[in-house]
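Engineer: My structure file run_17.cif, mmCIF, C-alpha atoms, is below:
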data_structure
#
loop_
_atom_site.label_atom_id
_atom_site.label_comp_id
_atom_site.auth_asym_id
_atom_site.auth_seq_id
_atom_site.Cartn_x
_atom_site.Cartn_y
_atom_site.Cartn_z
CA MET A 225 0.00 0.00 0.00
CA ASN A 226 1.33 3.42 -0.95
CA ALA A 227 1.89 5.91 1.84
CA ASP A 228 -0.34 8.97 1.96
CA PRO A 229 1.23 11.90 0.11
CA SER A 230 2.76 14.63 2.25
CA ILE A 231 1.94 18.32 1.92
CA VAL A 232 5.21 18.90 0.08
CA GLU A 233 4.38 16.13 -2.38
CA LEU A 234 0.91 17.57 -2.91
CA ILE A 235 2.37 21.00 -3.65
CA THR A 236 5.07 19.74 -6.00
CA GLY A 237 2.53 17.54 -7.74
CA ALA A 238 -0.03 20.31 -8.17
CA SER A 239 -0.82 21.83 -11.53
CA LEU A 240 1.14 24.87 -12.70
CA PRO A 241 -1.66 27.43 -12.02
CA VAL A 242 -2.06 26.14 -8.46
CA GLN A 243 1.70 26.26 -7.90
CA LEU A 244 1.79 29.85 -9.17
CA VAL A 245 -0.99 30.76 -6.76
CA LEU A 246 0.91 29.19 -3.87
CA ILE A 247 4.10 31.05 -4.82
CA ILE A 248 2.24 34.37 -4.96
CA LEU A 249 0.63 33.75 -1.59
CA ALA A 250 3.94 32.67 -0.05
CA LEU A 251 5.62 35.87 -1.28
CA ALA A 252 2.71 37.96 0.02
CA SER A 253 2.94 36.24 3.40
CA VAL A 254 6.71 36.78 3.66
CA GLY A 255 6.34 40.42 2.63
CA SER A 256 3.55 41.08 5.12
CA TRP A 257 5.45 39.44 8.00
CA ALA A 258 8.56 41.49 7.19
CA LEU A 259 6.43 44.65 7.21
CA ILE A 260 4.69 43.59 10.43
CA PHE A 261 7.99 43.26 12.29
CA HIS A 262 9.36 46.49 10.80
CA LYS A 263 6.26 48.49 11.74
CA ALA A 264 6.12 46.94 15.20
CA ARG A 265 9.57 48.38 15.93
CA ALA A 266 8.66 51.73 14.37
CA TYR A 267 5.46 52.13 16.39
CA LYS A 268 7.15 51.05 19.58
CA ARG A 269 9.81 53.70 19.01
CA ALA A 270 7.16 56.31 18.16
CA VAL A 271 5.07 55.63 21.27
CA SER A 272 8.17 55.68 23.47
CA GLY A 273 9.24 58.96 21.83
CA VAL A 274 5.85 60.57 22.50
CA ARG A 275 5.91 59.71 26.18
CA SER A 276 9.54 60.72 26.63
CA PHE A 277 9.05 64.04 24.84
CA GLU A 278 5.89 64.97 26.70
CA SER A 279 7.53 64.15 30.02
CA SER A 280 10.52 66.39 29.21
CA PHE A 281 8.61 69.21 27.53
CA TRP A 282 5.97 69.72 30.20
CA ALA A 283 8.51 69.45 33.01
CA GLY A 284 9.08 73.19 32.62
CA GLY A 285 12.01 75.25 31.52
CA SER A 286 12.81 77.66 28.72
CA LEU A 287 11.48 76.91 25.25
CA ASN A 288 14.64 78.38 23.75
CA GLU A 289 16.85 76.05 25.75
CA PHE A 290 14.66 73.07 24.95
CA TYR A 291 14.77 73.91 21.24
CA ASP A 292 18.55 74.43 21.29
CA ARG A 293 19.09 71.11 23.00
CA ILE A 294 16.99 69.25 20.44
CA SER A 295 18.38 71.03 17.38
CA ARG A 296 21.99 70.42 18.45
CA GLU A 297 21.55 66.65 18.44
CA ALA A 298 22.96 65.12 15.25
CA ARG A 299 20.08 62.79 14.46
CA PRO A 300 16.83 63.01 12.49
CA ARG A 301 13.91 64.32 14.50
CA GLU A 302 10.80 62.16 14.72
CA GLY A 303 7.33 62.51 16.15
CA HIS A 304 6.78 65.30 18.66
CA GLU A 305 10.35 66.53 18.30
CA ALA A 306 9.92 67.10 14.55
CA VAL A 307 6.59 68.87 15.07
CA PHE A 308 7.96 71.07 17.88
CA GLU A 309 11.15 71.92 16.01
CA ALA A 310 9.25 72.98 12.89
CA GLY A 311 6.84 75.11 14.91
CA PHE A 312 9.38 76.83 17.14
CA ARG A 313 11.74 77.51 14.23
CA GLU A 314 8.90 79.23 12.40
CA PHE A 315 7.94 81.07 15.59
CA GLN A 316 11.45 82.51 15.94
CA ARG A 317 11.57 83.52 12.28
CA LEU A 318 8.18 85.24 12.28
CA ARG A 319 8.74 86.96 15.61
CA GLN A 320 11.83 88.68 14.20
CA ALA A 321 9.79 90.16 11.37
CA GLU A 322 8.56 93.62 12.37
CA ASP A 323 5.47 93.55 10.16
CA ARG A 324 4.02 90.38 11.71
CA GLY A 325 1.17 90.58 14.17
CA HIS A 326 0.40 87.98 16.84
CA THR A 327 -2.33 86.37 14.75
CA GLN A 328 -0.05 86.04 11.72
CA ILE A 329 2.69 84.51 13.86
CA ILE A 330 0.34 81.92 15.37
CA ASP A 331 -1.13 81.08 11.97
CA GLY A 332 2.34 80.62 10.49
CA VAL A 333 3.47 78.43 13.37
CA GLU A 334 0.34 76.30 13.06
CA ARG A 335 0.88 75.76 9.34
CA ALA A 336 4.47 74.70 9.92
CA MET A 337 3.48 72.30 12.68
CA ARG A 338 0.60 70.81 10.65
CA VAL A 339 2.96 70.14 7.74
CA ALA A 340 5.45 68.43 10.04
CA GLU A 341 2.63 66.47 11.69
CA HIS A 342 1.34 65.20 8.35
CA ARG A 343 4.84 64.15 7.32
CA GLN A 344 5.22 62.12 10.49
CA LEU A 345 1.85 60.45 9.98
CA ASP A 346 2.70 59.69 6.35
CA GLN A 347 5.86 57.92 7.50
CA LEU A 348 3.93 55.94 10.10
CA GLU A 349 1.28 54.91 7.57
CA GLU A 350 3.80 53.98 4.88
CA GLY A 351 3.38 50.34 3.90
CA VAL A 352 0.33 49.74 6.08
CA PRO A 353 -2.10 49.68 3.09
CA PHE A 354 -0.10 46.70 1.80
CA LEU A 355 -1.32 44.72 4.81
CA ALA A 356 -4.90 45.64 3.97
CA THR A 357 -4.37 44.50 0.39
CA VAL A 358 -2.87 41.16 1.46
CA GLY A 359 -5.64 40.65 3.99
CA SER A 360 -8.45 41.33 1.53
CA VAL A 361 -7.07 39.75 -1.65
CA SER A 362 -5.24 36.64 -0.41
CA PRO A 363 -8.38 34.57 0.41
CA TYR A 364 -9.71 35.16 -3.13
CA VAL A 365 -6.36 34.28 -4.70
CA GLY A 366 -6.34 31.08 -2.66
CA LEU A 367 -9.93 30.37 -3.64
CA PHE A 368 -9.00 30.77 -7.30
CA GLY A 369 -6.27 28.15 -6.85
CA THR A 370 -8.73 25.84 -5.12
CA VAL A 371 -11.38 26.19 -7.82
CA TRP A 372 -8.82 25.60 -10.54
CA GLY A 373 -7.43 22.54 -8.79
CA ILE A 374 -10.86 21.00 -8.17
CA MET A 375 -11.88 21.73 -11.77
CA SER A 376 -8.76 19.97 -13.02
CA ALA A 377 -9.42 17.04 -10.66
CA PHE A 378 -12.93 16.50 -12.01
CA MET A 379 -11.76 16.85 -15.61
CA ASN A 380 -9.17 14.13 -15.01
CA LEU A 381 -11.84 12.07 -13.25
CA GLY A 382 -13.87 12.03 -16.43
CA THR A 383 -11.09 10.24 -18.29
CA MET A 384 -10.84 7.42 -15.73
CA GLN A 385 -12.67 4.16 -16.29
CA SER A 386 -13.23 3.61 -12.57
CA ALA A 387 -13.40 6.60 -10.21
CA THR A 388 -12.40 5.96 -6.63
CA LEU A 389 -11.94 8.17 -3.60
CA ALA A 390 -8.23 7.35 -3.60
CA ALA A 391 -7.93 8.77 -7.08
CA VAL A 392 -9.90 11.94 -6.37
CA ALA A 393 -8.60 12.79 -2.89
CA PRO A 394 -5.01 13.89 -3.72
CA PRO A 395 -5.96 16.43 -6.44
CA ILE A 396 -8.69 17.90 -4.24
CA ALA A 397 -6.34 18.02 -1.25
CA GLU A 398 -3.70 19.89 -3.23
CA ALA A 399 -6.37 22.33 -4.37
CA LEU A 400 -7.54 22.99 -0.80
CA ILE A 401 -3.97 23.82 0.20
CA ALA A 402 -4.37 27.03 -1.82
CA THR A 403 -7.30 28.10 0.35
CA ALA A 404 -5.35 27.32 3.51
CA MET A 405 -2.37 29.30 2.20
CA GLY A 406 -4.63 32.23 1.39
CA LEU A 407 -5.97 32.30 4.94
CA PHE A 408 -2.47 31.88 6.35
CA ALA A 409 -1.40 35.03 4.48
CA ALA A 410 -4.57 37.01 5.15
CA ILE A 411 -5.26 36.52 8.87
CA PRO A 412 -1.99 37.98 10.28
CA ALA A 413 -2.15 40.84 7.77
CA VAL A 414 -5.69 41.79 8.82
CA ILE A 415 -4.87 41.61 12.53
CA ALA A 416 -1.72 43.72 12.05
CA TYR A 417 -3.54 46.25 9.86
CA ASN A 418 -6.25 46.82 12.46
CA ARG A 419 -3.68 47.04 15.25
CA TYR A 420 -1.44 49.48 13.39
CA THR A 421 -4.35 51.63 12.26
CA GLN A 422 -5.29 52.06 15.91
CA ARG A 423 -1.68 52.99 16.71
CA VAL A 424 -1.62 55.63 13.97
CA ASP A 425 -4.92 57.08 15.21
CA TRP A 426 -3.56 57.23 18.77
CA LEU A 427 -0.35 58.95 17.66
CA ALA A 428 -2.28 61.37 15.43
CA GLY A 429 -4.40 62.32 18.42
CA ARG A 430 -1.34 62.97 20.57
CA TYR A 431 0.27 65.08 17.84
CA GLU A 432 -2.96 67.03 17.40
CA ASN A 433 -3.26 67.69 21.12
CA PHE A 434 0.34 68.83 21.34
CA VAL A 435 -0.08 71.28 18.46
CA ASP A 436 -3.15 72.81 20.12
CA GLU A 437 -1.48 73.01 23.52
CA PHE A 438 1.73 74.46 22.10
CA LEU A 439 -0.16 77.11 20.12
CA GLY A 440 -2.00 78.07 23.28
CA LEU A 441 1.32 78.38 25.09
CA LEU A 442 2.71 80.67 22.37
CA GLN A 443 -0.44 82.79 22.43
CA ARG A 444 -0.03 83.34 26.16
CA GLN A 445 3.61 84.30 25.66
CA LEU A 446 2.78 86.76 22.89
CA GLY A 447 -0.14 88.18 24.82
CA GLY A 448 2.07 88.89 27.81
CA LYS A 449 4.38 91.13 25.86
#
Could you spell out this file's structure in structure tokens?

Structural biologist:
Amino acid sequence: MNADPSIVELITGASLPVQLVLIILALASVGSWALIFHKARAYKRAVSGVRSFESSFWAGGSLNEFYDRISREARPREGHEAVFEAGFREFQRLRQAEDRGHTQIIDGVERAMRVAEHRQLDQLEEGVPFLATVGSVSPYVGLFGTVWGIMSAFMNLGTMQSATLAAVAPPIAEALIATAMGLFAAIPAVIAYNRYTQRVDWLAGRYENFVDEFLGLLQRQLGGK
């Protein structure tokens, strides 16, 4: 009696369209997992940066000294630091202009901070739509492989003089592997997409709150002069 075929044997013995489907799904799965790990590190760093910055910024002290300390550091600014640096740099530039009123200064600072905020959010969201694509498309790609494999199995069945379950089972099993592979690629991508979307929303809220609070702080400083 022949031994039952293994999963590897089913895959290698599958028809060319089914094998192409499995290769596509495997590449999509590898790509999504690589992006998942990369974004996990990025969001962890972003959340840690938000908490560290807010703790240092609201501890008190001179805004000029805080800005000088950040701008002297030879590293790219991210998150709150990038938003604050863009806003305070614009604040210093506009305040030196004699023809600028308080309202114009605040409006200019807000524009600079909003631009920096949007750039940070764009970086955080980069690649995340790929997870949504993998999560939504992979099950259908796998289903296509399954339908094709089952169709081929029944076409071959028609040429046999005696159809038995042993003859039909391997082709159908290799076809169902495509569905399983599609789900294997889709489920982690969907979970990660939902998780990372929540992270981006949380960070966007913190950036938005900081911009509003910082603008209020500048308004009080300008009003006191």

Engineer: Hey, which of A:Ile396, A:Val242, A:Leu442, A:Val352 ends up closest to Thr421 in chain A? Count only C-alpha atoms.

Structural biologist: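 Using only C-alpha atoms, Thr421 in chain A sits closest to A:Val352.
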
Engineer: Which is closer to Ala409 in chain A than all the others in A:Ala270, A:Val339, A:Leu355, A:Leu441, using only C-alpha atoms?

Structural biologist: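 The shortest atom-to-atom distance to Ala409 in chain A comes from A:Leu355.
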
Engineer: Could the centre and edge lengths of an axis-aligned box, enclosing all atoms of range 411-422 of chain A in the file with 8 Å extra on each side, be given in Å to one decimal as lines of an AutoDock Vina configuration file?

Structural biologist:
center_x = -3.8
center_y = 44.3
center_z = 11.8
size_x = 20.8
size_y = 31.5
size_z = 24.1

Engineer: What's around Met405 in chain A at 12 Å? Count all atoms listed in the file, leave out sequence neighbours fewer than 5 positions away in its own chain, and write the answer as a PyMOL selection string.

Structural biologist: chain A and resi 231+235+242-243+245-254+358-359+362-370+398-400+410-412

Engineer: With distances taken over all atoms listed in the file, which residue among A:Leu318, A:Ile401, A:Val333, A:Ala356 lies nearest Tyr417 in chain A?

Structural biologist: A:Ala356

Engineer: Point out the residue among A:Tyr420, A:Phe438, A:Phe281, A:Phe408 with the least atom-to-atom distance to Ile260 in chain A, counting only C-alpha atoms.

Structural biologist: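 Among the listed residues, the smallest separation from Ile260 in chain A belongs to A:Tyr420.
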
Engineer: I need the output of the PyMOL selection byres ((chain A and resi 319) around 12) for this file as a list of chain:residue names; which residues are they?

Structural biologist: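 That expression, the PyMOL selection byres ((chain A and resi 319) around 12), corresponds here to A:Phe312, A:Arg313, A:Glu314, A:Phe315, A:Gln316, A:Arg317, A:Leu318, A:Gln320, A:Ala321, A:Glu322, A:Asp323, A:Arg324, A:Gly325, A:His326, A:Thr327, A:Gln328, A:Ile329, A:Ile330, A:Gly332, A:Val333, A:Leu442, A:Gln445, A:Leu446, A:Lys449.
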
Engineer: Separation of CA of Tyr267 in chain A and CA of Leu345 in chain A, in Å?

Structural biologist: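 Separation of CA of Tyr267 in chain A and CA of Leu345 in chain A: 11.1 Å.
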
Engineer: Go ahead and compute the interatomic distance for CA of His304 in chain A and CA of Asp425 in chain A, in Å to one decimal.

Structural biologist: 14.7 Å

Engineer: Can you put N, CA and C atoms back into range 285-312 of chain A and show it as a PDB file, in the frame of the given file?

Structural biologist:
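The result, written out as selection20.pdb:
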ATOM      1  N   GLY A 285      10.760  74.798  32.087  1.00  0.00           N
ATOM      2  CA  GLY A 285      12.010  75.250  31.520  1.00  0.00           C
ATOM      3  C   GLY A 285      11.787  76.170  30.340  1.00  0.00           C
ATOM      4  N   SER A 286      12.870  76.701  29.823  1.00  0.00           N
ATOM      5  CA  SER A 286      12.810  77.660  28.720  1.00  0.00           C
ATOM      6  C   SER A 286      12.604  76.933  27.396  1.00  0.00           C
ATOM      7  N   LEU A 287      11.705  77.476  26.569  1.00  0.00           N
ATOM      8  CA  LEU A 287      11.480  76.910  25.250  1.00  0.00           C
ATOM      9  C   LEU A 287      12.723  77.053  24.382  1.00  0.00           C
ATOM     10  N   ASN A 288      13.426  78.167  24.534  1.00  0.00           N
ATOM     11  CA  ASN A 288      14.640  78.380  23.750  1.00  0.00           C
ATOM     12  C   ASN A 288      15.703  77.332  24.079  1.00  0.00           C
ATOM     13  N   GLU A 289      15.881  77.059  25.354  1.00  0.00           N
ATOM     14  CA  GLU A 289      16.850  76.050  25.750  1.00  0.00           C
ATOM     15  C   GLU A 289      16.439  74.662  25.289  1.00  0.00           C
ATOM     16  N   PHE A 290      15.158  74.369  25.386  1.00  0.00           N
ATOM     17  CA  PHE A 290      14.660  73.070  24.950  1.00  0.00           C
ATOM     18  C   PHE A 290      14.860  72.909  23.443  1.00  0.00           C
ATOM     19  N   TYR A 291      14.588  73.957  22.697  1.00  0.00           N
ATOM     20  CA  TYR A 291      14.770  73.910  21.240  1.00  0.00           C
ATOM     21  C   TYR A 291      16.246  73.763  20.889  1.00  0.00           C
ATOM     22  N   ASP A 292      17.103  74.517  21.567  1.00  0.00           N
ATOM     23  CA  ASP A 292      18.550  74.430  21.290  1.00  0.00           C
ATOM     24  C   ASP A 292      19.085  73.036  21.582  1.00  0.00           C
ATOM     25  N   ARG A 293      18.606  72.442  22.650  1.00  0.00           N
ATOM     26  CA  ARG A 293      19.090  71.110  23.000  1.00  0.00           C
ATOM     27  C   ARG A 293      18.680  70.082  21.947  1.00  0.00           C
ATOM     28  N   ILE A 294      17.458  70.199  21.448  1.00  0.00           N
ATOM     29  CA  ILE A 294      16.990  69.250  20.440  1.00  0.00           C
ATOM     30  C   ILE A 294      17.689  69.470  19.099  1.00  0.00           C
ATOM     31  N   SER A 295      17.809  70.725  18.692  1.00  0.00           N
ATOM     32  CA  SER A 295      18.380  71.030  17.380  1.00  0.00           C
ATOM     33  C   SER A 295      19.875  70.732  17.312  1.00  0.00           C
ATOM     34  N   ARG A 296      20.564  70.718  18.453  1.00  0.00           N
ATOM     35  CA  ARG A 296      21.990  70.420  18.450  1.00  0.00           C
ATOM     36  C   ARG A 296      22.285  68.940  18.240  1.00  0.00           C
ATOM     37  N   GLU A 297      21.323  68.078  18.536  1.00  0.00           N
ATOM     38  CA  GLU A 297      21.550  66.650  18.440  1.00  0.00           C
ATOM     39  C   GLU A 297      21.631  66.221  16.976  1.00  0.00           C
ATOM     40  N   ALA A 298      22.710  65.531  16.646  1.00  0.00           N
ATOM     41  CA  ALA A 298      22.960  65.120  15.250  1.00  0.00           C
ATOM     42  C   ALA A 298      22.216  63.831  14.944  1.00  0.00           C
ATOM     43  N   ARG A 299      20.918  63.944  14.819  1.00  0.00           N
ATOM     44  CA  ARG A 299      20.080  62.790  14.460  1.00  0.00           C
ATOM     45  C   ARG A 299      18.776  63.328  13.882  1.00  0.00           C
ATOM     46  N   PRO A 300      18.111  62.549  13.053  1.00  0.00           N
ATOM     47  CA  PRO A 300      16.830  63.010  12.490  1.00  0.00           C
ATOM     48  C   PRO A 300      15.759  63.094  13.569  1.00  0.00           C
ATOM     49  N   ARG A 301      14.986  64.149  13.527  1.00  0.00           N
ATOM     50  CA  ARG A 301      13.910  64.320  14.500  1.00  0.00           C
ATOM     51  C   ARG A 301      12.678  63.528  14.041  1.00  0.00           C
ATOM     52  N   GLU A 302      12.001  62.942  15.005  1.00  0.00           N
ATOM     53  CA  GLU A 302      10.800  62.160  14.720  1.00  0.00           C
ATOM     54  C   GLU A 302       9.696  62.561  15.690  1.00  0.00           C
ATOM     55  N   GLY A 303       8.468  62.329  15.264  1.00  0.00           N
ATOM     56  CA  GLY A 303       7.330  62.510  16.150  1.00  0.00           C
ATOM     57  C   GLY A 303       7.195  63.926  16.692  1.00  0.00           C
ATOM     58  N   HIS A 304       6.979  64.013  18.007  1.00  0.00           N
ATOM     59  CA  HIS A 304       6.780  65.300  18.660  1.00  0.00           C
ATOM     60  C   HIS A 304       7.962  66.233  18.448  1.00  0.00           C
ATOM     61  N   GLU A 305       9.164  65.687  18.462  1.00  0.00           N
ATOM     62  CA  GLU A 305      10.350  66.530  18.300  1.00  0.00           C
ATOM     63  C   GLU A 305      10.328  67.231  16.942  1.00  0.00           C
ATOM     64  N   ALA A 306       9.971  66.511  15.882  1.00  0.00           N
ATOM     65  CA  ALA A 306       9.920  67.100  14.550  1.00  0.00           C
ATOM     66  C   ALA A 306       8.837  68.175  14.475  1.00  0.00           C
ATOM     67  N   VAL A 307       7.690  67.904  15.081  1.00  0.00           N
ATOM     68  CA  VAL A 307       6.590  68.870  15.070  1.00  0.00           C
ATOM     69  C   VAL A 307       6.974  70.123  15.869  1.00  0.00           C
ATOM     70  N   PHE A 308       7.552  69.932  17.051  1.00  0.00           N
ATOM     71  CA  PHE A 308       7.960  71.070  17.880  1.00  0.00           C
ATOM     72  C   PHE A 308       9.051  71.879  17.194  1.00  0.00           C
ATOM     73  N   GLU A 309      10.048  71.208  16.642  1.00  0.00           N
ATOM     74  CA  GLU A 309      11.150  71.920  16.010  1.00  0.00           C
ATOM     75  C   GLU A 309      10.659  72.768  14.846  1.00  0.00           C
ATOM     76  N   ALA A 310       9.782  72.213  14.015  1.00  0.00           N
ATOM     77  CA  ALA A 310       9.250  72.980  12.890  1.00  0.00           C
ATOM     78  C   ALA A 310       8.455  74.186  13.369  1.00  0.00           C
ATOM     79  N   GLY A 311       7.652  74.004  14.411  1.00  0.00           N
ATOM     80  CA  GLY A 311       6.840  75.110  14.910  1.00  0.00           C
ATOM     81  C   GLY A 311       7.656  76.187  15.575  1.00  0.00           C
ATOM     82  N   PHE A 312       8.610  75.821  16.421  1.00  0.00           N
ATOM     83  CA  PHE A 312       9.380  76.830  17.140  1.00  0.00           C
ATOM     84  C   PHE A 312      10.356  77.556  16.218  1.00  0.00           C
TER      85      PHE A 312
END
